[in-house]
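Participant: Would you mind keeping the following structure in view while I ask a few things?
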Amino acid sequence: MTGANSFQVSGYGPEKAGWTRVFARDGMARRLDWPILLASVALSLMGSLLVYSATRNRTELNQGDPYYFLTRHLLNTGIGLALMVGVVWLGHRALRTAVPVLYGASVFLILLVLTPLGSTINGAHSWIKLPGGFSLQPSEFVKITIILGMAMLLAARVDAGDRPHPDHRTVLQALGLATVPMLIVMLMPDLGSVMVMVIIVLGVLLASGASNRWVFGLLGAGTAGALAVWQLGILDDYQIARFAAFANPALDPAGVGYNTNQARIAIGSGGLTGSGLFEGSQTTGRFVPEQQTDFVFTVAGEELGFLGAGLIIALLGVVLWRACKIARETTDLYGTVVAAGIVAWFAFQTFENIGMTLGIMPVTGLPLPFVSYGGSSMFAVWMAVGLLQSITVQRPMSA
Amino acid sequence: MSNIPETGRSTRVQTRLVVIQVLVLSLLATLGGRLWYLQIRQGDEYAAEASGNHVQQVVQPAPRGSILDARGVALADNETRLVVSASRTDLLKMKDDGKAVLTKLAGVLGMRPKDVMDKVRLCDAETPQPCWNGSPYQPIPVTDEATPKQALQIRERAEDFPGITAEPMAVRRYAAPGKANTGQVLGYLSPVTDEEIKKAENTDSPFLRSDQVGRSGLERQYDKALRGKAGVTRYEVDNLGRVIGEAESDPGVPGSNLVTSLDARVQRVAEYELNEAMKAARKEMDRNTNRLYEADAGAVVVMEAKTGRVVAMASNPTYDPNAWVGGISAKDYKRLTGKESNYPLLNRATQGQAAPGSIFKVVSTSAAVEAGYDFDGGYDCSSSYSVGGQVFKNFESASYGSIDLGRALELSCDTVYYRLAHQEWKKDGGNNPKNPNDYFYEAAHEFGLGKETGIDLPNEVAGRVPDREWKQKYWEANKDAWCKSGKKDGSYVERLAYEGCLEGNKMRAGDAINYSIGQGDTLVTPIQMATIYAAISNGGTLYDPSIGKAIVSPDGKDVQAITPQPHGKLPISKATLAKMDDALAGVATRGTAAWRFEGWPQDEIPMHAKTGTAEVHGKQTTSWFATYTDDYAIVMTISQGGTGSGASGPAVRNIYDALYGVSDDGKIDRKKALLPEPQAKLPAIKADGTIPAPKISKDIVKDLLPDEKASPEEEYAPIDEQQQGATTPTQNGDNRDTRRHRRRGGGRRRGAAGGSGSRRART
């Protein structure tokens, strides 16, 4: 929340914002992308129920208050909505000028994580503990600033009409801009976030119209980089073990394979309709670790079954579909690139998070957008929704 | 894509956006597909895995049902003992492998630390007893005789004794009421094996790791009914095994009680008399071998003649079935299964077989009548009978002239049967048989020989009728060995082998002749002969002998009676049977058994008997004594014991004396009679399912034998455990209450109960 404040740079909003103007014909409310908004709200609310189910009897986590996580998730959602409104209010174009400041601030924050102020959760040194029991994961916000920063650089000359596509120099600058925070995040090490950022960079480059050489070059570099990371032993043992367990889930079911095994049992046992909310034995029996955050999808799978879990995938599909539509339909490259970056981000995070619970992706600590418990992630995805709304709102009306 | 011109953007970007969109959708489709595969296609498997994951079972073993005698006296029941056990898995988790804990435990139990540690070590080839030969994952009992104080000390300081438990446990007890051991009939229990657990896994009565399974005798035969069903409480647990809720549970069903037709008192008398007879035989000189009789084994069966129910069944040598309780020690096991002890685990009444000797003559007599010989005809009882240079002598070479078949039975005249069997053998074609009638062999089959009687005891042996079919099979199996070892002019055994090799598959005249008087290759079991003599008594019906009389559910509401089943009729007409009956009465009054029934009140209780002395090559003769009255048939045998009436006679007479209350001078004292008529009714079952047992004196034999009579105070001394209810429906502390209550109410009930039991108690 404190982190979120740094994004609200004052002085860029409209002078006056009357509700009349908002709901007037051609007003903001009419131009909002309601499917994205409603799907996001639905996902957040479902998330709050699932988080509640996963934590209501975990006294060691909820400090004796079964509603601890429920209220916090709802609070986070509310703050997220407010942030979205703020972002729409300011407008993505207005934010464009503030990008250097935002970028600088976010990089500063992730640098802070590396200082003694940072703390380690689940092997990733990617958190800043704040007073009052709050903690912040700045790498979530870096995802946004990378998108905004790259989009600003790549679209600048195209939108000005100078060139049809970004030139090599610009692309290099953009890559440099993305690489700095990625290196820092890798030092944490928060490999999951780095992977998201790599996908974001790819999505952004694709949408910007950068030459194929860059796209394929980056793909090659990514592969080479992954191999290098593997060979040079940058990975911690626990990360290697996770990959090994992914490759062979039967391996050591009480140890490294435990998460994936239990997650799959939880989901598989749900069947078509699930055991019913709060009735899942895997969930109440705490067999799945990190169930309110990274493995929240298993609660849906067990308690709501194929119908409920499928609904989550479908709602995320609505968000992604509409985001793709926004990317395609907006008139300026800046908006397109931002939207595409968000699509890449959400899509990969969704696929990786759900994929790991289904045993088709290795386990990494990535939250499921809107659904997983976690303030930083919630704020970041709602700000991203704000950006998407802003892009669609500020698009010139056709006809 | 009407928007393309509007956005004024290059097609490259637009195409790539479409690619992104398609990619995103395919990723989502992948997730959906995988979700469908896990939840719908494999959902059931995962659901099963999930329930295995979070459900833990806690098992409450069912108390095993009691085995009661016909009046309700417990032959086998349970007693609650405080068992202190150590969990090896818990001990091995400790730094010193639990040494400190075991030392402390030894202090509490007053044992030496080394003894405690020895008890919990695992047995292997190098480890001598004591050691644990069960599953290492099962708590290992350190003692089953802990005092309540010791148990309390261990329980109250549980933190000082990790891995140690002190709990009351039901332990099988073979109480031997009135000193009736009944060992081989009751059988024994031993822990279930892994194989059995696996086999019974998916049946309606699966085994538990801690289960005891009946291994022989009634414990095995009625194992399923006696065992009951363990209660299973299923708890939902979390990932650390903490209980978070209770799932569906199966209540336990205590084992049912088995009421048998045995009478503990008669059983005691039978066991005692058998042992005395064998002891006496060992003092007799065998004139054939010039050694004392060995009397190495024996058996006696007391059967209800009209139903085939077994009232007593004793086998000697015997053992204490309590040796198996709490796990048999290696030493005991070796002793019980060793040759030195002559296999006391064998129930020789159903598993011991020998040539029947002359008690077989009832079969031969009936065969002769079947073959057309007149029962009342005249047959030469010469002193010997010669066939082809071979002389078959009458017993003690006696000669009685021409007699009828009844008299032949009475006198046990062998030559009469030799002659008849030889004639039939010749009629059947002699050495070149043509469609032989084989009356003598057919009769044996019809009498039920050569196959199991169907008694409700496991592993009964069938005996053998050495008919042509058997000879052929036996020859095929052995001819190679015979032909190898046989010598024409060798020793007796070598000559036998030589002959066997040449024509062992043929029925020779000598075979048929020997067979007719129960010698040779014929093998019978005491239970078979008892079944036959009971059938002669009851008018010709062969019953499956039975010991189980009813299975009574633990609450007493469900009484499943076991009714005697006939398996055949004797192949004798009523008229012939009556004549045979007369002849057998003559055996007891005038014939070979008369000297043993001197002074018997024949008019009140008609006694019938047949003696038998079977020859066994290389061994001393087997004594057989088959008898019956209208109510009972008693068959006794003693291996290497001497003659039928000589060795077994007094014992059988004493058993009858006890049953009917007959004293030596022939007077019948109904008060002294243990069981003048068979116990027809089942014992009374109280509303709570318990079956009250009548009082039974400490040792019935001491009451019956004046010269061995114990001092009166000992006889009437109240023996607490023998007044207990035979069944204890609950396993907890209720036991003590019941006992106290029983004692108080004892006098009143004795008066009210009436019946033979109370009579016994007052004598």
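Residue numbering restarts at 1 in every chain; chains get A, B, ... in the order shown in the structure tokens, and ligands count up from 1 in that same order.
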Identify all chain B residues at most 6 Å from chain A by counting only C-alpha atoms; ligands do not count. Present them as a CSV table (one decimal) with N, CA and C atoms, in the first residue's frame.
Facilitator:
chain,number,residue,atom,x,y,z
B,7,THR,N,-6.7,1.8,-37.0
B,7,THR,CA,-5.5,2.0,-36.1
B,7,THR,C,-4.3,2.5,-36.9
B,13,VAL,N,2.5,-5.8,-36.7
B,13,VAL,CA,2.0,-5.7,-35.3
B,13,VAL,C,0.7,-6.4,-35.2
B,21,GLN,N,-2.7,-13.7,-29.2
B,21,GLN,CA,-4.1,-14.1,-28.8
B,21,GLN,C,-4.3,-15.6,-28.9
B,38,LEU,N,-7.6,-34.6,-15.1
B,38,LEU,CA,-7.4,-35.0,-13.7
B,38,LEU,C,-8.7,-35.2,-13.0
B,39,GLN,N,-9.6,-34.3,-13.2
B,39,GLN,CA,-10.8,-34.4,-12.4
B,39,GLN,C,-11.9,-35.3,-12.9
B,40,ILE,N,-12.0,-35.4,-14.2
B,40,ILE,CA,-13.1,-36.3,-14.7
B,40,ILE,C,-12.6,-37.6,-15.1
B,43,GLY,N,-10.5,-38.8,-11.9
B,43,GLY,CA,-11.0,-38.3,-10.6
B,43,GLY,C,-11.2,-39.4,-9.5
B,46,TYR,N,-7.9,-40.3,-7.8
B,46,TYR,CA,-7.4,-39.3,-6.9
B,46,TYR,C,-8.3,-39.2,-5.7
B,47,ALA,N,-9.6,-39.4,-5.9
B,47,ALA,CA,-10.5,-39.4,-4.7
B,47,ALA,C,-10.1,-40.5,-3.7
B,50,ALA,N,-7.0,-39.5,-2.0
B,50,ALA,CA,-7.3,-38.5,-1.0
B,50,ALA,C,-7.8,-39.1,0.2
B,238,ASP,N,-5.1,-34.4,9.7
B,238,ASP,CA,-4.5,-33.4,8.8
B,238,ASP,C,-3.1,-34.0,8.4
B,239,ASN,N,-2.3,-33.1,7.8
B,239,ASN,CA,-1.0,-33.6,7.2
B,239,ASN,C,-0.1,-34.0,8.3
Participant: Please identify all polymer residues within 12 Å of Arg287 (chain B), counting only C-alpha atoms, omitting same-chain residues fewer than 2 positions from it, and present them as a list of chain:residue names.
Facilitator: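 Neighbouring residues, sequence-local ones excluded: B:Glu284, B:Met285, B:Thr289, B:Asn290, B:Arg291, B:Leu292, B:Tyr293, B:Gln620, B:Thr621, B:Gly642, B:Thr643.
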Participant: Since we have the selection now, will you write its residues out, keeping N, CA and C atoms, as a tab-separated table (two decimals), in the first residue's frame?
Facilitator:
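Dumped everything to again26.tsv:
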chain	number	residue	atom	x	y	z
B	284	GLU	N	2.91	-103.40	32.32
B	284	GLU	CA	2.62	-104.77	31.87
B	284	GLU	C	3.72	-105.26	30.94
B	285	MET	N	4.04	-106.52	31.08
B	285	MET	CA	5.05	-107.13	30.22
B	285	MET	C	4.39	-107.66	28.95
B	289	THR	N	7.19	-109.35	22.77
B	289	THR	CA	8.47	-108.65	22.60
B	289	THR	C	9.34	-108.73	23.84
B	290	ASN	N	8.77	-109.27	24.90
B	290	ASN	CA	9.49	-109.33	26.17
B	290	ASN	C	9.97	-107.95	26.64
B	291	ARG	N	9.17	-106.97	26.36
B	291	ARG	CA	9.44	-105.64	26.89
B	291	ARG	C	8.16	-105.19	27.59
B	292	LEU	N	8.30	-104.17	28.43
B	292	LEU	CA	7.09	-103.57	28.97
B	292	LEU	C	6.38	-102.86	27.82
B	293	TYR	N	5.04	-102.78	27.91
B	293	TYR	CA	4.32	-102.05	26.87
B	293	TYR	C	4.73	-100.59	26.89
B	620	GLN	N	4.48	-103.07	19.22
B	620	GLN	CA	3.59	-103.83	20.09
B	620	GLN	C	2.16	-103.62	19.64
B	621	THR	N	1.27	-104.48	20.14
B	621	THR	CA	-0.10	-104.45	19.64
B	621	THR	C	-0.85	-103.20	20.09
B	642	GLY	N	-1.17	-103.18	24.33
B	642	GLY	CA	-1.57	-104.51	24.73
B	642	GLY	C	-2.91	-104.89	24.14
B	643	THR	N	-3.67	-105.72	24.85
B	643	THR	CA	-4.94	-106.19	24.32
B	643	THR	C	-6.03	-105.17	24.55
Participant: Name the residues in contact with Gln602 (chain B) at a cut-off of 9 Å, using only C-alpha atoms, excluding same-chain residues fewer than 2 positions from it; report them as a list in words.
Facilitator: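 In the requested form, the answer reads Ala585, Ala588, Thr589, Phe597, Gly599, Trp600, Glu604, Ile605, Pro606, Met607 and Gly666 of chain B.
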Participant: The selected residues should be written to file as an mmCIF file, in the first residue's frame (atoms: N, CA and C atoms).
Facilitator:
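Output saved as part.cif:
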data_model
loop_
_atom_site.group_PDB
_atom_site.id
_atom_site.type_symbol
_atom_site.label_atom_id
_atom_site.label_comp_id
_atom_site.auth_asym_id
_atom_site.auth_seq_id
_atom_site.Cartn_x
_atom_site.Cartn_y
_atom_site.Cartn_z
ATOM 1 N N ALA B 585 -23.753 -107.337 23.187
ATOM 2 C CA ALA B 585 -24.098 -107.385 24.609
ATOM 3 C C ALA B 585 -23.468 -108.633 25.218
ATOM 4 N N ALA B 588 -20.008 -108.201 26.275
ATOM 5 C CA ALA B 588 -19.850 -107.519 27.560
ATOM 6 C C ALA B 588 -20.234 -108.412 28.730
ATOM 7 N N THR B 589 -21.080 -109.400 28.469
ATOM 8 C CA THR B 589 -21.535 -110.244 29.581
ATOM 9 C C THR B 589 -20.830 -111.586 29.631
ATOM 10 N N PHE B 597 -16.583 -105.953 32.698
ATOM 11 C CA PHE B 597 -17.889 -105.432 33.097
ATOM 12 C C PHE B 597 -18.525 -106.295 34.174
ATOM 13 N N GLY B 599 -20.188 -107.194 37.339
ATOM 14 C CA GLY B 599 -21.013 -106.419 38.255
ATOM 15 C C GLY B 599 -21.720 -105.247 37.603
ATOM 16 N N TRP B 600 -21.659 -105.157 36.293
ATOM 17 C CA TRP B 600 -22.337 -104.061 35.598
ATOM 18 C C TRP B 600 -23.847 -104.285 35.625
ATOM 19 N N GLU B 604 -30.362 -102.753 33.830
ATOM 20 C CA GLU B 604 -30.743 -101.336 33.790
ATOM 21 C C GLU B 604 -30.090 -100.596 32.621
ATOM 22 N N ILE B 605 -28.799 -100.879 32.471
ATOM 23 C CA ILE B 605 -28.054 -100.177 31.423
ATOM 24 C C ILE B 605 -27.377 -101.216 30.547
ATOM 25 N N PRO B 606 -28.049 -101.677 29.493
ATOM 26 C CA PRO B 606 -27.438 -102.708 28.640
ATOM 27 C C PRO B 606 -26.121 -102.218 28.053
ATOM 28 N N MET B 607 -25.103 -102.998 28.300
ATOM 29 C CA MET B 607 -23.772 -102.627 27.826
ATOM 30 C C MET B 607 -23.396 -103.508 26.644
ATOM 31 N N GLY B 666 -22.097 -102.561 41.347
ATOM 32 C CA GLY B 666 -23.184 -102.570 40.376
ATOM 33 C C GLY B 666 -24.367 -101.707 40.761
#
Participant: Near region 32-43 of chain A, within 9 Å and counting only C-alpha atoms, which residues show up once chain neighbours fewer than 3 positions away are dropped, as a list in words?
Facilitator: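 Skipping anything fewer than 3 positions along the chain leaves Gly27, Met28, Ala29, Met46, Gly47, Ser48, Thr77, Leu81, Ile312, Leu315, Leu316, Val318, Val319, Leu320, Trp321, Arg322, Ala323, Ile326, Pro369, Phe370, Val371, Trp382, Val385, Leu388, Gln389, Ser390, Thr392 and Val393 of chain A.
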Participant: Write the selection just made, keeping C-alpha atoms, as a PDB file, in the first residue's frame?
Facilitator:
ATOM      1  CA  GLY A  27     -18.536   9.194 -20.736  1.00  0.00           C
ATOM      2  CA  MET A  28     -15.994   7.054 -19.004  1.00  0.00           C
ATOM      3  CA  ALA A  29     -18.403   4.514 -17.573  1.00  0.00           C
ATOM      4  CA  MET A  46     -13.932 -16.226  -5.557  1.00  0.00           C
ATOM      5  CA  GLY A  47     -10.359 -15.855  -4.409  1.00  0.00           C
ATOM      6  CA  SER A  48     -11.511 -14.454  -1.084  1.00  0.00           C
ATOM      7  CA  THR A  77      -9.373  -6.207  -3.531  1.00  0.00           C
ATOM      8  CA  LEU A  81     -10.139  -1.422  -7.207  1.00  0.00           C
ATOM      9  CA  ILE A 312     -11.720 -19.606 -12.768  1.00  0.00           C
ATOM     10  CA  LEU A 315     -12.904 -15.863 -16.070  1.00  0.00           C
ATOM     11  CA  LEU A 316      -9.172 -15.456 -16.574  1.00  0.00           C
ATOM     12  CA  VAL A 318     -12.360 -13.408 -20.345  1.00  0.00           C
ATOM     13  CA  VAL A 319      -9.784 -11.006 -18.923  1.00  0.00           C
ATOM     14  CA  LEU A 320      -7.117 -12.171 -21.369  1.00  0.00           C
ATOM     15  CA  TRP A 321      -9.470 -12.206 -24.338  1.00  0.00           C
ATOM     16  CA  ARG A 322     -10.647  -8.684 -23.654  1.00  0.00           C
ATOM     17  CA  ALA A 323      -7.063  -7.536 -23.031  1.00  0.00           C
ATOM     18  CA  ILE A 326      -7.900  -3.904 -26.350  1.00  0.00           C
ATOM     19  CA  PRO A 369      -3.847 -13.164 -10.594  1.00  0.00           C
ATOM     20  CA  PHE A 370      -6.752 -11.863  -8.432  1.00  0.00           C
ATOM     21  CA  VAL A 371      -7.259 -15.218  -6.693  1.00  0.00           C
ATOM     22  CA  TRP A 382      -5.557  -4.247 -10.430  1.00  0.00           C
ATOM     23  CA  VAL A 385      -6.536  -3.639 -15.115  1.00  0.00           C
ATOM     24  CA  LEU A 388      -6.195  -1.671 -19.710  1.00  0.00           C
ATOM     25  CA  GLN A 389      -9.304   0.342 -18.832  1.00  0.00           C
ATOM     26  CA  SER A 390      -7.456   3.571 -19.417  1.00  0.00           C
ATOM     27  CA  THR A 392      -9.856   1.475 -23.838  1.00  0.00           C
ATOM     28  CA  VAL A 393     -11.369   4.609 -22.284  1.00  0.00           C
TER      29      VAL A 393
END
Participant: Near region 108-117 of chain B, within 7 Å and counting only C-alpha atoms, which residues show up once chain neighbours fewer than 6 positions away are dropped, as a list in words?
Facilitator: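 That gives Leu102, Val142 and Gln150 of chain B.
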Participant: Taking the backbone alone, and naming residues the way the document does, which bits of region 249-427 of chain B are strand (DSSP E or B) by DSSP, as a PyMOL selection string?
Facilitator: chain B and resi 250+253+257-260+285-286+291-292+297-304+309-316+354+379-381+384-387+390-393+401-403
Participant: Extract, using only C-alpha atoms, all DNA, RNA and protein residues at most 8 Å from Val269 (chain B), discarding same-chain residues fewer than 2 positions from it, and format them as a ChimeraX atom specification.
Facilitator: /B:180,265-267,271-273,655,658,700-701
Participant: So that I can check the surroundings of Leu496 (chain B), please list as a PyMOL selection string every protein, DNA and RNA residue that reaches within 10 Å of it, counting only C-alpha atoms and ignoring chain neighbours fewer than 4 positions away.
Facilitator: chain B and resi 482+485-488+490-492+500-502+504
Participant: Go ahead and save the residues from that selection, with C-alpha atoms, as an mmCIF file, in the first residue's frame.
Facilitator:
data_model
loop_
_atom_site.group_PDB
_atom_site.id
_atom_site.type_symbol
_atom_site.label_atom_id
_atom_site.label_comp_id
_atom_site.auth_asym_id
_atom_site.auth_seq_id
_atom_site.Cartn_x
_atom_site.Cartn_y
_atom_site.Cartn_z
ATOM 1 C CA TRP B 482 10.190 -102.031 -3.717
ATOM 2 C CA SER B 485 15.199 -102.940 -2.299
ATOM 3 C CA GLY B 486 13.378 -106.294 -2.593
ATOM 4 C CA LYS B 487 15.306 -109.550 -2.282
ATOM 5 C CA LYS B 488 13.853 -112.998 -2.763
ATOM 6 C CA GLY B 490 16.478 -111.454 2.162
ATOM 7 C CA SER B 491 15.116 -110.313 5.477
ATOM 8 C CA TYR B 492 11.395 -110.161 6.204
ATOM 9 C CA GLY B 500 5.272 -106.174 -3.381
ATOM 10 C CA CYS B 501 7.344 -105.440 -6.462
ATOM 11 C CA LEU B 502 6.056 -108.521 -8.232
ATOM 12 C CA GLY B 504 1.755 -105.679 -4.888
#
Participant: Can you check which residues of region 338-374 of chain A DSSP gives as helix (DSSP H, G or I) on the backbone and send them as a list of chain:residue names?
Facilitator: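 Listing helix (DSSP H, G or I) positions across region 338-374 of chain A yields A:Val338, A:Ala339, A:Ala340, A:Gly341, A:Ile342, A:Val343, A:Ala344, A:Trp345, A:Phe346, A:Ala347, A:Phe348, A:Gln349, A:Thr350, A:Phe351, A:Glu352, A:Asn353, A:Ile354, A:Gly355, A:Met356, A:Thr357.
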Participant: Would you save the residues of that selection, restricted to C-alpha atoms, as a compact mmCIF listing (two decimals), in the first residue's frame?
Facilitator:
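Wrote it out as out07.txt, contents follow:
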# COMPACT_ATOMS: atom_id res chain seq x y z
CA VAL A 338 1.22 -1.89 -22.71
CA ALA A 339 -1.85 -4.09 -23.24
CA ALA A 340 0.23 -6.81 -24.90
CA GLY A 341 2.73 -6.74 -22.05
CA ILE A 342 -0.11 -7.16 -19.57
CA VAL A 343 -1.51 -10.05 -21.63
CA ALA A 344 1.89 -11.75 -21.62
CA TRP A 345 2.21 -11.20 -17.90
CA PHE A 346 -1.26 -12.46 -16.95
CA ALA A 347 -1.23 -15.32 -19.42
CA PHE A 348 2.11 -16.67 -18.32
CA GLN A 349 1.41 -16.27 -14.64
CA THR A 350 -1.97 -17.99 -15.03
CA PHE A 351 -0.50 -20.82 -17.07
CA GLU A 352 2.44 -21.31 -14.75
CA ASN A 353 0.41 -21.12 -11.55
CA ILE A 354 -2.44 -23.40 -12.59
CA GLY A 355 -0.07 -25.54 -14.63
CA MET A 356 2.08 -26.32 -11.62
CA THR A 357 -0.92 -27.40 -9.56
Participant: Would you mind telling me which residue in A:Pro181, A:Gly276, A:Gly118, A:Gly104 lies nearest to Gln137 (chain A) when using only C-alpha atoms?
Facilitator: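 Going through A:Pro181, A:Gly276, A:Gly118, A:Gly104 one by one, the smallest distance to Gln137 (chain A) is for A:Gly118.
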Participant: Which of these residues is nearest to Tyr417 (chain B), using only C-alpha atoms: B:Cys483, B:Ile517, B:Ala295, B:Leu449?
Facilitator: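 Smallest separation from Tyr417 (chain B) among the options: B:Ile517.
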Participant: Report, in Å to a single decimal, how far apart CA of Ala312 (chain B) and CA of Ala297 (chain B) are.
Facilitator: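 Those two atoms sit 17.0 Å apart.
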Participant: Work out how far CA of Ala481 (chain B) is from CA of Ala497 (chain B), in Å to one decimal.
Facilitator: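 Taking CA of Ala497 (chain B) as the start and CA of Ala481 (chain B) as the end point, the length is 8.2 Å.
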Participant: How many Å separate CA of Ile536 (chain B) from CA of Ala368 (chain B)?
Facilitator: 16.4 Å
